[in-house]
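Q: Here it is: the structure, laid out below.
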Amino acid sequence: TWTFAAHGPLIGKWKVFAHFENGHGGTFRGDHEPARPFAWWKDGQFIRYQTDVAIPRGTAPGHYDLWTGVWKGSARRPASATTVEVNDNRAKVGGLEVVR
């Protein structure tokens, strides 16, 4: 489940990236377009929707951190936060455990 606090529209074909990383080179992605286009967002709105992420066959078991942000082409929107780790314009917002 994704929840965003909108601060106004974001014009262009921006998408949400969701990178799951285990810290040992293992990764998989859940990149997607938000359920409501960024261009429709209004300041003060909360946008909430759900996505499914397929874990690729053969993914190594263990903990994977979820890093997320907004991207278009090769550009990422600047990211900042006071409550979660931010690195390379992406925020670590959660994680999951892959088991066999």
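Quick note on naming: the chains in the structure tokens go A, B, ... in the order shown, residues restart at 1 in each chain, and ligands are numbered from 1 in order of appearance.
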If you count only C-alpha atoms, which residues fall within 12 Å of A:Ser74, apart from same-chain ones fewer than 3 positions away, as a ChimeraX atom specification?

A: /A:14-15,17,70-71,77

Q: Skip A:Trp41 itself and residues of its chain fewer than 2 positions away, then list as a PyMOL selection string all residues within 10 Å of it, counting only C-alpha atoms.

A: chain A and resi 4-11+36-39+43-47

Q: What does the distance from atom CA of A:Arg29 to atom CA of A:Lys42 come to in Å, to one decimal?

A: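 Those two atoms sit 27.7 Å apart.
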
Q: Hey, what's within 12 Å of A:Asn87 if we count only C-alpha atoms and toss same-chain stuff fewer than 5 positions away? As a PyMOL selection string, please?

A: chain A and resi 67-69+76+78-81+92-93

Q: Identify, on the basis of only C-alpha atoms, every residue whose closest approach to A:Thr51 does not exceed 12 Å; exclude the query and any residue fewer than 3 positions from it along the same chain; express the result as a ChimeraX atom specification.

A: /A:1-3,16-18,29-35,48,54

Q: Write down as a ChimeraX atom specification the residues belonging to stretch 12-55 of chain A that are assigned strand (DSSP E) by DSSP computed on the backbone.

A: /A:15-21,27-29,46-49
